[in-house]
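Colleague: Pasting my_file.cif below, which is mmCIF, C-alpha atoms and all ligand atoms.
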```cif
data_entry
#
loop_
_atom_site.group_PDB
_atom_site.id
_atom_site.type_symbol
_atom_site.label_atom_id
_atom_site.label_comp_id
_atom_site.auth_asym_id
_atom_site.auth_seq_id
_atom_site.Cartn_x
_atom_site.Cartn_y
_atom_site.Cartn_z
ATOM 1 C CA MET A 1 -3.189 10.495 26.930
ATOM 2 C CA ARG A 2 -1.021 9.811 23.909
ATOM 3 C CA MET A 3 2.102 9.444 26.054
ATOM 4 C CA LEU A 4 0.428 6.544 27.807
ATOM 5 C CA HIS A 5 0.433 4.680 24.539
ATOM 6 C CA PHE A 6 4.142 5.254 24.110
ATOM 7 C CA ILE A 7 4.857 3.996 27.581
ATOM 8 C CA LYS A 8 2.708 0.923 27.025
ATOM 9 C CA SER A 9 3.801 0.346 23.496
ATOM 10 C CA LEU A 10 7.346 1.257 22.623
ATOM 11 C CA LYS A 11 7.470 -0.882 19.516
ATOM 12 C CA GLU A 12 9.633 0.143 16.598
ATOM 13 C CA SER A 13 6.652 1.168 14.525
ATOM 14 C CA THR A 14 5.482 3.921 16.817
ATOM 15 C CA ASP A 15 6.736 7.447 16.616
ATOM 16 C CA ASN A 16 6.392 10.357 18.984
ATOM 17 C CA ARG A 17 5.393 12.748 16.224
ATOM 18 C CA GLU A 18 1.948 13.276 14.794
ATOM 19 C CA ILE A 19 1.197 11.658 11.477
ATOM 20 C CA TYR A 20 -1.060 12.981 8.738
ATOM 21 C CA GLN A 21 -2.847 11.528 5.767
ATOM 22 C CA ASP A 22 -1.121 12.513 2.525
ATOM 23 C CA LYS A 23 -3.258 14.345 -0.026
ATOM 24 C CA LEU A 24 -4.153 12.306 -3.105
ATOM 25 C CA LYS A 25 -2.228 13.249 -6.249
ATOM 26 C CA PHE A 26 -5.249 12.393 -8.424
ATOM 27 C CA ALA A 27 -8.970 13.171 -8.394
ATOM 28 C CA LYS A 28 -11.126 10.588 -6.643
ATOM 29 C CA ASN A 29 -12.682 9.433 -9.919
ATOM 30 C CA GLU A 30 -9.429 9.323 -11.892
ATOM 31 C CA LEU A 31 -8.548 5.706 -11.067
ATOM 32 C CA GLU A 32 -11.731 4.456 -12.735
ATOM 33 C CA PRO A 33 -12.485 1.911 -14.053
ATOM 34 C CA VAL A 34 -9.806 0.069 -12.065
ATOM 35 C CA MET A 35 -10.780 1.610 -8.717
ATOM 36 C CA SER A 36 -14.085 3.437 -8.467
ATOM 37 C CA GLU A 37 -14.706 6.860 -6.967
ATOM 38 C CA ALA A 38 -16.994 5.115 -4.458
ATOM 39 C CA THR A 39 -14.116 2.886 -3.335
ATOM 40 C CA ILE A 40 -11.739 5.848 -2.996
ATOM 41 C CA LYS A 41 -14.290 7.778 -0.933
ATOM 42 C CA TYR A 42 -14.975 4.799 1.276
ATOM 43 C CA HIS A 43 -11.337 3.675 1.556
ATOM 44 C CA TYR A 44 -9.385 6.963 1.602
ATOM 45 C CA ASP A 45 -11.911 9.293 3.262
ATOM 46 C CA GLY A 46 -13.900 6.814 5.296
ATOM 47 C CA LEU A 47 -11.300 4.348 6.554
ATOM 48 C CA ALA A 48 -7.707 5.443 5.989
ATOM 49 C CA ALA A 49 -8.209 8.992 7.299
ATOM 50 C CA LYS A 50 -9.231 7.621 10.675
ATOM 51 C CA TYR A 51 -5.876 5.988 11.430
ATOM 52 C CA SER A 52 -3.904 9.218 11.644
ATOM 53 C CA GLU A 53 -6.771 10.984 13.427
ATOM 54 C CA ARG A 54 -7.018 8.274 16.044
ATOM 55 C CA TYR A 55 -3.252 7.993 16.431
ATOM 56 C CA ASN A 56 -2.855 11.743 16.951
ATOM 57 C CA LYS A 57 -5.665 11.769 19.497
ATOM 58 C CA GLY A 58 -4.238 8.755 21.327
ATOM 59 C CA GLU A 59 -7.362 6.694 20.676
ATOM 60 C CA GLY A 60 -7.266 2.933 20.280
ATOM 61 C CA ASP A 61 -4.145 0.895 19.572
ATOM 62 C CA ALA A 62 -1.220 3.182 18.687
ATOM 63 C CA ASP A 63 0.665 0.586 16.609
ATOM 64 C CA PHE A 64 -2.422 -0.384 14.642
ATOM 65 C CA ASN A 65 -3.316 3.225 13.883
ATOM 66 C CA TYR A 66 0.250 4.294 13.100
ATOM 67 C CA GLY A 67 0.789 1.314 10.789
ATOM 68 C CA GLY A 68 -2.541 1.933 9.086
ATOM 69 C CA ALA A 69 -1.687 5.583 8.490
ATOM 70 C CA VAL A 70 1.804 4.905 7.098
ATOM 71 C CA LEU A 71 0.738 1.969 4.933
ATOM 72 C CA HIS A 72 -2.200 3.828 3.394
ATOM 73 C CA ASN A 73 0.036 6.826 2.639
ATOM 74 C CA LEU A 74 2.493 4.507 0.870
ATOM 75 C CA PHE A 75 -0.305 2.713 -0.978
ATOM 76 C CA PHE A 76 -2.271 5.696 -2.288
ATOM 77 C CA SER A 77 0.915 7.504 -3.294
ATOM 78 C CA ASN A 78 2.020 4.596 -5.507
ATOM 79 C CA LEU A 79 -1.219 4.796 -7.537
ATOM 80 C CA ALA A 80 -1.932 6.941 -10.594
ATOM 81 C CA PRO A 81 -4.667 7.251 -13.232
ATOM 82 C CA PRO A 82 -4.732 4.265 -15.623
ATOM 83 C CA ARG A 83 -2.355 4.347 -18.578
ATOM 84 C CA ALA A 84 -2.256 2.052 -21.583
ATOM 85 C CA ALA A 85 0.490 -0.584 -21.252
ATOM 86 C CA ASN A 86 1.499 0.761 -17.840
ATOM 87 C CA LYS A 87 4.693 -0.982 -16.754
ATOM 88 C CA PRO A 88 7.982 -0.414 -14.952
ATOM 89 C CA GLU A 89 10.396 1.776 -16.922
ATOM 90 C CA GLY A 90 13.291 3.052 -14.812
ATOM 91 C CA ASN A 91 14.880 1.721 -11.610
ATOM 92 C CA SER A 92 11.912 -0.578 -11.087
ATOM 93 C CA LYS A 93 12.360 -2.215 -14.498
ATOM 94 C CA ILE A 94 16.076 -2.756 -13.856
ATOM 95 C CA LEU A 95 15.390 -4.331 -10.452
ATOM 96 C CA ILE A 96 12.430 -6.465 -11.557
ATOM 97 C CA ASP A 97 14.221 -7.760 -14.654
ATOM 98 C CA ASP A 98 17.274 -8.550 -12.555
ATOM 99 C CA VAL A 99 15.393 -10.412 -9.810
ATOM 100 C CA TYR A 100 12.502 -11.988 -11.785
ATOM 101 C CA GLY A 101 13.643 -12.002 -15.415
ATOM 102 C CA SER A 102 10.618 -10.070 -16.664
ATOM 103 C CA PHE A 103 7.646 -8.010 -15.519
ATOM 104 C CA ASP A 104 5.308 -10.904 -16.420
ATOM 105 C CA LYS A 105 7.250 -13.282 -14.145
ATOM 106 C CA PHE A 106 7.194 -10.666 -11.392
ATOM 107 C CA LYS A 107 3.403 -10.335 -11.704
ATOM 108 C CA GLU A 108 3.065 -14.129 -11.442
ATOM 109 C CA GLU A 109 5.065 -14.108 -8.216
ATOM 110 C CA VAL A 110 3.028 -11.232 -6.795
ATOM 111 C CA GLU A 111 -0.155 -13.127 -7.644
ATOM 112 C CA LYS A 112 1.081 -16.235 -5.786
ATOM 113 C CA GLU A 113 1.875 -14.148 -2.697
ATOM 114 C CA PHE A 114 -1.359 -12.183 -3.016
ATOM 115 C CA MET A 115 -3.666 -15.180 -3.460
ATOM 116 C CA ALA A 116 -1.953 -17.161 -0.669
ATOM 117 C CA ALA A 117 -2.433 -14.360 1.851
ATOM 118 C CA GLN A 118 -5.381 -15.108 4.104
ATOM 119 C CA GLY A 119 -7.304 -12.525 6.065
ATOM 120 C CA SER A 120 -6.371 -8.850 5.990
ATOM 121 C CA ASN A 121 -2.999 -8.230 4.397
ATOM 122 C CA TRP A 122 -0.737 -6.082 2.265
ATOM 123 C CA ILE A 123 1.747 -7.294 -0.334
ATOM 124 C CA TYR A 124 4.925 -5.337 -0.893
ATOM 125 C CA MET A 125 8.151 -5.418 -2.851
ATOM 126 C CA ASP A 126 11.103 -4.173 -0.849
ATOM 127 C CA THR A 127 14.008 -2.200 -2.286
ATOM 128 C CA SER A 128 15.932 -5.449 -2.982
ATOM 129 C CA GLY A 129 13.032 -6.741 -5.093
ATOM 130 C CA ALA A 130 11.850 -9.359 -2.579
ATOM 131 C CA LEU A 131 8.114 -9.853 -1.990
ATOM 132 C CA HIS A 132 6.512 -9.932 1.443
ATOM 133 C CA THR A 133 3.121 -10.047 3.120
ATOM 134 C CA ILE A 134 2.228 -7.668 5.932
ATOM 135 C CA HIS A 135 -0.510 -8.973 8.180
ATOM 136 C CA ASN A 136 -3.062 -6.536 9.490
ATOM 137 C CA HIS A 137 -1.165 -3.224 9.975
ATOM 138 C CA GLU A 138 2.119 -4.739 11.178
ATOM 139 C CA TYR A 139 4.352 -2.077 9.692
ATOM 140 C CA LYS A 140 8.026 -1.748 10.639
ATOM 141 C CA LYS A 141 10.323 1.074 9.579
ATOM 142 C CA THR A 142 12.918 -1.499 8.524
ATOM 143 C CA MET A 143 10.670 -2.848 5.757
ATOM 144 C CA LYS A 144 12.059 -0.572 2.967
ATOM 145 C CA ILE A 145 8.823 -0.668 0.995
ATOM 146 C CA ALA A 146 9.187 0.192 -2.705
ATOM 147 C CA LEU A 147 5.787 -0.988 -4.009
ATOM 148 C CA LEU A 148 2.759 -1.631 -1.795
ATOM 149 C CA ILE A 149 -0.604 -3.173 -2.643
ATOM 150 C CA ASP A 150 -3.503 -3.100 -0.212
ATOM 151 C CA ALA A 151 -5.003 -6.589 -0.201
ATOM 152 C CA TRP A 152 -7.605 -5.917 2.492
ATOM 153 C CA GLU A 153 -11.113 -6.624 1.231
ATOM 154 C CA HIS A 154 -12.073 -2.985 1.653
ATOM 155 C CA ALA A 155 -9.644 -2.125 -1.181
ATOM 156 C CA TRP A 156 -11.421 -4.222 -3.794
ATOM 157 C CA ALA A 157 -14.688 -5.890 -2.694
ATOM 158 C CA LEU A 158 -16.909 -2.926 -3.586
ATOM 159 C CA ASP A 159 -15.620 -3.003 -7.173
ATOM 160 C CA TYR A 160 -14.766 -6.684 -7.636
ATOM 161 C CA GLN A 161 -17.055 -8.491 -5.131
ATOM 162 C CA GLN A 162 -15.349 -11.834 -4.473
ATOM 163 C CA ASP A 163 -12.891 -11.586 -7.371
ATOM 164 C CA LYS A 164 -9.643 -10.714 -5.604
ATOM 165 C CA ALA A 165 -7.545 -11.969 -8.551
ATOM 166 C CA LYS A 166 -9.269 -9.564 -10.932
ATOM 167 C CA TYR A 167 -8.437 -6.642 -8.631
ATOM 168 C CA LEU A 168 -4.769 -7.606 -8.697
ATOM 169 C CA ASN A 169 -4.831 -8.154 -12.438
ATOM 170 C CA ASN A 170 -6.285 -4.673 -12.949
ATOM 171 C CA ILE A 171 -4.203 -2.815 -10.399
ATOM 172 C CA TRP A 172 -1.121 -2.984 -12.649
ATOM 173 C CA ARG A 173 -2.833 -0.358 -14.806
ATOM 174 C CA ILE A 174 -2.754 2.172 -11.955
ATOM 175 C CA ILE A 175 0.645 1.585 -10.349
ATOM 176 C CA ASN A 176 2.732 4.758 -10.338
ATOM 177 C CA TRP A 177 6.114 3.285 -11.273
ATOM 178 C CA GLU A 178 7.722 6.721 -11.142
ATOM 179 C CA VAL A 179 7.056 6.793 -7.406
ATOM 180 C CA VAL A 180 8.455 3.267 -7.062
ATOM 181 C CA ASP A 181 11.553 4.399 -8.971
ATOM 182 C CA ILE A 182 12.062 7.287 -6.534
ATOM 183 C CA ARG A 183 11.764 4.913 -3.559
ATOM 184 C CA LEU A 184 14.443 2.734 -5.167
ATOM 185 C CA GLN A 185 16.874 5.600 -5.654
ATOM 186 C CA GLY A 186 19.890 5.137 -3.451
ATOM 187 C CA ALA A 187 18.434 1.904 -2.025
HETATM 188 FE FE FE A 201 -6.827 -0.124 3.163
#
```
For the file at hand, write its structure as structure tokens.

Modeller:
Amino acid sequence: MRMLHFIKSLKESTDNREIYQDKLKFAKNELEPVMSEATIKYHYDGLAAKYSERYNKGEGDADFNYGGAVLHNLFFSNLAPPRAANKPEGNSKILIDDVYGSFDKFKEEVEKEFMAAQGSNWIYMDTSGALHTIHNHEYKKTMKIALLIDAWEHAWALDYQQDKAKYLNNIWRIINWEVVDIRLQGA
């Protein structure tokens, strides 16, 4: 059954191996108050887990499920429990200062990209520091994602209702810059 998908859909994003949801590196309530335990349960357990399951079973659209699985793994792994004055320190600071001048300017640019994105999207910084929007689950292996933010409503509406900007403003407190730094190594 799964082979049929590969024959029908030999896009770059698909892979002939199974894909699995990465385990969280934090407890489901540890991102509070930025991201509630209810949102993690709904988003990680309820939604994200299904993409790898469906992909491995050959159910639904293979590209959509594969992209959803990869993107959610990248997203949840670049989050960490909130820290006071959380900001880039290592490779990410060097890159962001070089490309944007400062972390504050970088956040302004992310906000422009984030607020301009309509519908269901992701915002990411690639390993050169450039910002991009991914529509839906349109992941490509060539994207070289260093930092990824889920901008789909399911990531924030439970906690922030209609206030998408507040979600973005708060998410800086839970970005795991050490993971971003590792993704930038050798980039
Ligand atoms: Fe999501």

Colleague: Please return, as a ChimeraX atom specification, all polymer residues that have at least one atom within 8 Å of the point (9.7, -5.0, -9.4); use all atoms listed in the file and the file's own coordinate frame.

Modeller: /A:88,92-93,95-97,99-100,103,106,125,129,147

Colleague: How would you write, as a list in words, the residues chosen by the PyMOL selection byres (((chain A and resi 30) around 12) and not hetatm) on this structure?

Modeller: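 That expression, the PyMOL selection byres (((chain A and resi 30) around 12) and not hetatm), corresponds here to Leu24, Lys25, Phe26, Ala27, Lys28, Asn29, Leu31, Glu32, Pro33, Val34, Met35, Ser36, Glu37, Ala38, Thr39, Ile40, Leu79, Ala80, Pro81, Pro82, Arg83 and Ile174 of chain A.
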
Colleague: Interatomic distance between atom CA of A:Gln118 and atom CA of A:Phe75?

Modeller: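 Pair atom CA of A:Gln118 / atom CA of A:Phe75 returns 19.2 Å.
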
Colleague: Which one is closest to ligand FE 201 (chain A): A:Trp152, A:Asp98, A:Lys41, A:Glu108? Count all atoms listed in the file.

Modeller: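 The answer is A:Trp152, which sits nearest to ligand FE 201 (chain A).
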
Colleague: Exactly which residues make up the result of the PyMOL selection byres (((not hetatm)) within 10 of (chain A and resi 201)) on this file, given as a PDB file with C-alpha atoms, keeping the file's coordinate frame?

Modeller:
```
ATOM      1  CA  ILE A  40     -11.739   5.848  -2.996  1.00  0.00           C
ATOM      2  CA  TYR A  42     -14.975   4.799   1.276  1.00  0.00           C
ATOM      3  CA  HIS A  43     -11.337   3.675   1.556  1.00  0.00           C
ATOM      4  CA  TYR A  44      -9.385   6.963   1.602  1.00  0.00           C
ATOM      5  CA  LEU A  47     -11.300   4.348   6.554  1.00  0.00           C
ATOM      6  CA  ALA A  48      -7.707   5.443   5.989  1.00  0.00           C
ATOM      7  CA  GLY A  68      -2.541   1.933   9.086  1.00  0.00           C
ATOM      8  CA  ALA A  69      -1.687   5.583   8.490  1.00  0.00           C
ATOM      9  CA  LEU A  71       0.738   1.969   4.933  1.00  0.00           C
ATOM     10  CA  HIS A  72      -2.200   3.828   3.394  1.00  0.00           C
ATOM     11  CA  ASN A  73       0.036   6.826   2.639  1.00  0.00           C
ATOM     12  CA  PHE A  75      -0.305   2.713  -0.978  1.00  0.00           C
ATOM     13  CA  PHE A  76      -2.271   5.696  -2.288  1.00  0.00           C
ATOM     14  CA  SER A 120      -6.371  -8.850   5.990  1.00  0.00           C
ATOM     15  CA  ASN A 121      -2.999  -8.230   4.397  1.00  0.00           C
ATOM     16  CA  TRP A 122      -0.737  -6.082   2.265  1.00  0.00           C
ATOM     17  CA  ASN A 136      -3.062  -6.536   9.490  1.00  0.00           C
ATOM     18  CA  HIS A 137      -1.165  -3.224   9.975  1.00  0.00           C
ATOM     19  CA  ILE A 149      -0.604  -3.173  -2.643  1.00  0.00           C
ATOM     20  CA  ASP A 150      -3.503  -3.100  -0.212  1.00  0.00           C
ATOM     21  CA  ALA A 151      -5.003  -6.589  -0.201  1.00  0.00           C
ATOM     22  CA  TRP A 152      -7.605  -5.917   2.492  1.00  0.00           C
ATOM     23  CA  GLU A 153     -11.113  -6.624   1.231  1.00  0.00           C
ATOM     24  CA  HIS A 154     -12.073  -2.985   1.653  1.00  0.00           C
ATOM     25  CA  ALA A 155      -9.644  -2.125  -1.181  1.00  0.00           C
ATOM     26  CA  TRP A 156     -11.421  -4.222  -3.794  1.00  0.00           C
TER      27      TRP A 156
END
```

Colleague: What is the atom CA of A:Ser77 to atom CA of A:Val179 distance in Å?

Modeller: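 Between atom CA of A:Ser77 and atom CA of A:Val179 the gap is 7.4 Å.
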
Colleague: What separation in Å, quoted to one decimal, exists between atom CA of A:Ala157 and atom CA of A:Ala117?

Modeller: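 Rounded to one decimal, the two atoms are 15.6 Å apart.
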
Colleague: Please write as JSON, numbers by chain the full residue list that the PyMOL selection byres (((chain A and resi 50) around 12) and not hetatm) yields on this file.

Modeller: {"A": [19, 20, 21, 42, 43, 44, 45, 46, 47, 48, 49, 51, 52, 53, 54, 55, 56, 57, 58, 59, 60, 64, 65, 66, 67, 68, 69, 70, 72]}

Colleague: Of the candidates A:Ala130, A:Ala116, A:Ala165, A:Ala146, which one gets nearest to A:Ala187 if we count all atoms listed in the file?

Modeller: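 Going through A:Ala130, A:Ala116, A:Ala165, A:Ala146 one by one, the smallest distance to A:Ala187 is for A:Ala146.
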
Colleague: Considering all atoms listed in the file, can you say which of A:Trp172, A:Asn78, A:Lys23, A:Asp63 comes closest to A:Lys141?

Modeller: A:Asp63

Colleague: Have a look at A:Tyr139, A:Asp163, A:Trp177, A:Gln185 and name the one nearest to A:Glu89; count all atoms listed in the file.

Modeller: A:Trp177

Colleague: Tell me which of A:Gly186, A:Asn169, A:Gln162, A:Ile123 sits closest to A:Glu138, counting only C-alpha atoms.

Modeller: A:Ile123

Colleague: Can I get C-alpha atoms for stretch 117-149 of chain A, as a PDB file, in the first residue's frame?

Modeller:
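Here's the written file result-v9.pdb:
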```pdb
ATOM      1  CA  ALA A 117       1.486  34.669   6.570  1.00  0.00           C
ATOM      2  CA  GLN A 118      -2.123  33.806   5.830  1.00  0.00           C
ATOM      3  CA  GLY A 119      -3.708  30.442   6.457  1.00  0.00           C
ATOM      4  CA  SER A 120      -1.732  27.530   7.869  1.00  0.00           C
ATOM      5  CA  ASN A 121       1.998  28.154   7.862  1.00  0.00           C
ATOM      6  CA  TRP A 122       5.381  27.751   9.493  1.00  0.00           C
ATOM      7  CA  ILE A 123       8.096  30.387   9.756  1.00  0.00           C
ATOM      8  CA  TYR A 124      11.714  29.313   9.701  1.00  0.00           C
ATOM      9  CA  MET A 125      15.221  30.709   9.696  1.00  0.00           C
ATOM     10  CA  ASP A 126      17.564  28.754   7.469  1.00  0.00           C
ATOM     11  CA  THR A 127      21.236  28.145   8.205  1.00  0.00           C
ATOM     12  CA  SER A 128      22.196  31.340   6.303  1.00  0.00           C
ATOM     13  CA  GLY A 129      19.922  33.398   8.566  1.00  0.00           C
ATOM     14  CA  ALA A 130      17.230  34.044   5.937  1.00  0.00           C
ATOM     15  CA  LEU A 131      13.551  33.861   6.925  1.00  0.00           C
ATOM     16  CA  HIS A 132      10.950  31.873   5.016  1.00  0.00           C
ATOM     17  CA  THR A 133       7.330  30.786   5.212  1.00  0.00           C
ATOM     18  CA  ILE A 134       6.318  27.179   4.640  1.00  0.00           C
ATOM     19  CA  HIS A 135       2.727  26.791   3.540  1.00  0.00           C
ATOM     20  CA  ASN A 136       0.755  23.873   4.869  1.00  0.00           C
ATOM     21  CA  HIS A 137       3.293  21.008   5.253  1.00  0.00           C
ATOM     22  CA  GLU A 138       5.359  21.795   2.149  1.00  0.00           C
ATOM     23  CA  TYR A 139       8.659  20.603   3.554  1.00  0.00           C
ATOM     24  CA  LYS A 140      11.719  20.046   1.358  1.00  0.00           C
ATOM     25  CA  LYS A 141      14.982  18.486   2.492  1.00  0.00           C
ATOM     26  CA  THR A 142      16.865  21.374   0.885  1.00  0.00           C
ATOM     27  CA  MET A 143      15.374  23.895   3.324  1.00  0.00           C
ATOM     28  CA  LYS A 144      18.239  23.700   5.903  1.00  0.00           C
ATOM     29  CA  ILE A 145      15.981  24.676   8.789  1.00  0.00           C
ATOM     30  CA  ALA A 146      17.804  26.089  11.829  1.00  0.00           C
ATOM     31  CA  LEU A 147      14.848  27.564  13.762  1.00  0.00           C
ATOM     32  CA  LEU A 148      11.212  26.632  13.136  1.00  0.00           C
ATOM     33  CA  ILE A 149       8.026  28.149  14.535  1.00  0.00           C
TER      34      ILE A 149
END
```
